[in-house]
Amino acid sequence: MTAEGLPMTVPAQDLPDRVRIHEVGARDGLQNEKSAVPTEVKAEFIRRLADAGLTTIEATSFVHPAWVPQLADAEDLFPQVADLPVALPVLVPNQRGLDRALALGARRVAVFASATESFAKANLNRTLDESLAVFEPVVRRAKDEGVQVRGYVSMCFGDPWEGAVPLHQVVRVCRALRDMGCDELSLGDTIGVATPGHVLELLSLLNEEGVPTNVLGVHFHDTYGQALANTYAALEHGVTTVDASAGGLGGCPYAKSATGNLATEDLVWMLHGLGIDTGVDLGRLVATSAWMADHLGRPSPSRTVRALSHKDQ
């Protein structure tokens, strides 16, 4: 580990006192892995993440196994971690996925929408409006069951097929998900092209159009090295929920230009340096990501994991 007292805590003005990290490593982080990760390894990964102090850990996705083979073990995995004292949201693409999740006692689910037509077609094989129509009964039933619903919105800042995405288009999808009943929205920079001014402009427009900051989370990829800068901009706006992936695992199987998610360790290092509480034990988190990197047979892309694990990666 690094010298005691680092990072030195130097708070900045007008930032949140606490940030909730929505950990996506076990789902979004592992879904692209070509070699099957054993269910017991995934379960241990989630348990270690919880032990490191993460309170929201996205566990798996109840998609058809043909879509994401890595997550075909959802029914086996979820019961192994369901007793953990943390929130364990799961992705549900449709009514069938919701049925499977509810049968196992899931109390937090997420639907996965797109801000662009091209990605809706690539990811969901539907138009944007058709995909929203599919989600509406899913969200309604989940809410009727007392389940919390998160709405992911992909391609909020750029699309590999369409290029720049008009802000009003993103707002339209966000408002549709809110109108359905989604409790929280995650704004996804799926291909990592956002910059801080763009982030602030979108957040401001969402507020103007009736979507409050306290229901918004941000999900940045680090393709162009902008993930932490974009996160800082979101914090300045008042966002207190940030998605991140332990060890920087993951990308997007339907967007070939997407690289890894913002590494949870890199995020925690910055937040702790700013005096922002996360509840996370950075040493335990680094050890967990180094452990998973060993299982995957390659070094962690997280700079903080590399710096603190003292491994020649």
# chains A, B, ... in the order shown; residues from 1 in each chain; ligands from 1

$ select_by_dssp --residues "segment 5-36 of chain A" --states "strand (DSSP E or B)" --output "PyMOL selection string"
chain A and resi 18+20-23

$ write_last_selection --atoms "N, CA, C and O atoms" --output "mmCIF file, in the first residue's frame"
data_model
loop_
_atom_site.group_PDB
_atom_site.id
_atom_site.type_symbol
_atom_site.label_atom_id
_atom_site.label_comp_id
_atom_site.auth_asym_id
_atom_site.auth_seq_id
_atom_site.Cartn_x
_atom_site.Cartn_y
_atom_site.Cartn_z
ATOM 1 N N ARG A 18 -21.467 12.934 0.833
ATOM 2 C CA ARG A 18 -21.414 11.478 0.675
ATOM 3 C C ARG A 18 -21.860 11.102 -0.733
ATOM 4 O O ARG A 18 -22.756 11.736 -1.303
ATOM 5 N N ARG A 20 -23.022 7.614 -3.021
ATOM 6 C CA ARG A 20 -23.339 6.184 -3.064
ATOM 7 C C ARG A 20 -22.798 5.612 -4.365
ATOM 8 O O ARG A 20 -23.170 6.052 -5.449
ATOM 9 N N ILE A 21 -21.911 4.639 -4.235
ATOM 10 C CA ILE A 21 -21.354 3.981 -5.420
ATOM 11 C C ILE A 21 -22.260 2.811 -5.803
ATOM 12 O O ILE A 21 -22.535 1.934 -4.984
ATOM 13 N N HIS A 22 -22.726 2.828 -7.034
ATOM 14 C CA HIS A 22 -23.529 1.733 -7.572
ATOM 15 C C HIS A 22 -22.545 0.804 -8.290
ATOM 16 O O HIS A 22 -22.138 1.056 -9.424
ATOM 17 N N GLU A 23 -22.137 -0.245 -7.604
ATOM 18 C CA GLU A 23 -21.098 -1.149 -8.098
ATOM 19 C C GLU A 23 -21.669 -2.094 -9.164
ATOM 20 O O GLU A 23 -22.628 -2.816 -8.928
#

$ closest_atom_pairs --of "segment 91-124 of chain A" --to "segment 134-142 of chain A" --cutoff "8 Å" --atoms "only C-alpha atoms" --output "CSV"
residue,atom,partner,partner_atom,distance
A:Pro93,CA,A:Phe135,CA,7.7
A:Asn94,CA,A:Val138,CA,6.2
A:Gln95,CA,A:Val138,CA,5.5
A:Leu98,CA,A:Val138,CA,6.9
A:Val109,CA,A:Ala142,CA,7.9
A:Val111,CA,A:Phe135,CA,6.9

$ atom_distance --atom1 "atom CA of Leu128 of chain A" --atom2 "atom CA of Ser61 of chain A"
20.8 Å

$ closest_residue --among "A:Thr127, A:Thr240, A:Thr223, A:Gln80" --to "Phe45 of chain A" --atoms "only C-alpha atoms"
A:Gln80

$ residues_around --residues "Arg150 of chain A" --least-positions-apart "2" --cutoff "10 Å" --atoms "only C-alpha atoms" --output "PDB file with C-alpha atoms, in the first residue's frame"
ATOM      1  CA  PRO A  89     -30.215  -4.911  -8.083  1.00  0.00           C
ATOM      2  CA  VAL A  90     -30.576  -7.147 -11.142  1.00  0.00           C
ATOM      3  CA  LEU A  91     -31.193  -6.358 -14.791  1.00  0.00           C
ATOM      4  CA  ARG A 108     -34.433  -4.030  -6.945  1.00  0.00           C
ATOM      5  CA  VAL A 109     -34.479  -4.347 -10.718  1.00  0.00           C
ATOM      6  CA  ALA A 110     -33.264  -2.324 -13.686  1.00  0.00           C
ATOM      7  CA  VAL A 111     -34.418  -1.905 -17.264  1.00  0.00           C
ATOM      8  CA  PHE A 112     -32.006  -0.941 -20.025  1.00  0.00           C
ATOM      9  CA  VAL A 139     -41.907  -1.257 -14.660  1.00  0.00           C
ATOM     10  CA  VAL A 147     -39.845  -3.322  -6.109  1.00  0.00           C
ATOM     11  CA  GLN A 148     -37.481  -0.402  -6.734  1.00  0.00           C
ATOM     12  CA  TYR A 152     -30.477   2.764 -17.544  1.00  0.00           C
ATOM     13  CA  VAL A 153     -30.208   5.118 -20.511  1.00  0.00           C
ATOM     14  CA  LEU A 177     -38.860   6.205 -17.966  1.00  0.00           C
ATOM     15  CA  ARG A 178     -39.770   8.518 -15.090  1.00  0.00           C
ATOM     16  CA  GLY A 181     -42.435   4.861 -12.603  1.00  0.00           C
ATOM     17  CA  CYS A 182     -38.644   4.421 -12.567  1.00  0.00           C
ATOM     18  CA  ASP A 183     -37.282   5.532  -9.195  1.00  0.00           C
ATOM     19  CA  GLU A 184     -33.791   6.253 -10.483  1.00  0.00           C
ATOM     20  CA  LEU A 185     -32.128   6.925 -13.827  1.00  0.00           C
ATOM     21  CA  SER A 186     -28.528   6.147 -14.766  1.00  0.00           C
ATOM     22  CA  VAL A 215     -33.040  10.643  -9.049  1.00  0.00           C
ATOM     23  CA  LEU A 216     -30.021  10.757 -11.367  1.00  0.00           C
ATOM     24  CA  GLY A 217     -26.899   8.611 -11.371  1.00  0.00           C
TER      25      GLY A 217
END

$ closest_atom_pairs --of "segment 41-75 of chain A" --to "segment 292-300 of chain A" --cutoff "10 Å" --atoms "only C-alpha atoms" --output "CSV"
residue,atom,partner,partner_atom,distance
A:Val41,CA,A:His295,CA,8.3
A:Lys42,CA,A:Met292,CA,9.1
A:Glu44,CA,A:Met292,CA,9.6
A:Phe45,CA,A:Met292,CA,7.1

$ write_last_selection --atoms "all heavy atoms" --output "short mmCIF file (atom, residue, chain, number, x, y, z; two decimals), in the first residue's frame"
data_model
loop_
_atom_site.label_atom_id
_atom_site.label_comp_id
_atom_site.auth_asym_id
_atom_site.auth_seq_id
_atom_site.Cartn_x
_atom_site.Cartn_y
_atom_site.Cartn_z
N VAL A 41 -17.23 -18.29 -8.04
CA VAL A 41 -16.29 -17.16 -8.07
C VAL A 41 -17.06 -15.84 -8.10
O VAL A 41 -16.71 -14.88 -7.41
CB VAL A 41 -15.34 -17.28 -9.28
CG1 VAL A 41 -14.49 -16.01 -9.43
CG2 VAL A 41 -14.43 -18.49 -9.12
N LYS A 42 -18.12 -15.78 -8.91
CA LYS A 42 -18.95 -14.57 -8.94
C LYS A 42 -19.55 -14.28 -7.56
O LYS A 42 -19.57 -13.13 -7.10
CB LYS A 42 -20.09 -14.74 -9.96
CG LYS A 42 -19.63 -14.85 -11.40
CD LYS A 42 -20.85 -15.10 -12.29
CE LYS A 42 -20.46 -15.36 -13.72
NZ LYS A 42 -21.60 -15.75 -14.57
N GLU A 44 -18.41 -15.19 -4.63
CA GLU A 44 -17.35 -14.75 -3.73
C GLU A 44 -16.95 -13.30 -4.05
O GLU A 44 -16.66 -12.51 -3.13
CB GLU A 44 -16.15 -15.68 -3.83
CG GLU A 44 -14.98 -15.32 -2.93
CD GLU A 44 -15.30 -15.39 -1.44
OE1 GLU A 44 -16.32 -16.01 -1.05
OE2 GLU A 44 -14.52 -14.82 -0.65
N PHE A 45 -16.93 -12.96 -5.31
CA PHE A 45 -16.63 -11.58 -5.73
C PHE A 45 -17.63 -10.62 -5.09
O PHE A 45 -17.25 -9.60 -4.50
CB PHE A 45 -16.71 -11.52 -7.26
CG PHE A 45 -16.28 -10.21 -7.88
CD1 PHE A 45 -15.24 -9.46 -7.36
CD2 PHE A 45 -16.92 -9.75 -9.03
CE1 PHE A 45 -14.84 -8.27 -7.96
CE2 PHE A 45 -16.54 -8.56 -9.63
CZ PHE A 45 -15.50 -7.82 -9.11
#

$ closest_residue --among "A:Leu308, A:Cys156, A:Ala26, A:Met270" --to "Leu202 of chain A" --atoms "only C-alpha atoms"
A:Cys156

$ closest_residue --among "A:Pro212, A:Pro301, A:Pro65, A:Pro166" --to "Gly97 of chain A" --atoms "only C-alpha atoms"
A:Pro65

$ residues_around --residues "Leu187 of chain A" --least-positions-apart "3" --cutoff "12 Å" --atoms "only C-alpha atoms" --output "ChimeraX atom specification"
/A:112-115,150-158,167,170-171,173-174,177,184,190,192,194,199,202-203,206,213,215-221,230-231,234,239,241-243

$ residues_around --residues "segment 29-34 of chain A" --least-positions-apart "6" --cutoff "6 Å" --atoms "only C-alpha atoms" --output "MDAnalysis selection string"
chainID A and resid 70 249:250

$ atom_distance --atom1 "atom CA of Ala229 of chain A" --atom2 "atom CA of Ala59 of chain A"
27.1 Å

$ select_by_dssp --residues "segment 49-163 of chain A" --states "alpha helix (DSSP H)" --output "MDAnalysis selection string"
chainID A and resid 49:51 74:81 95:103 117:124 128:144
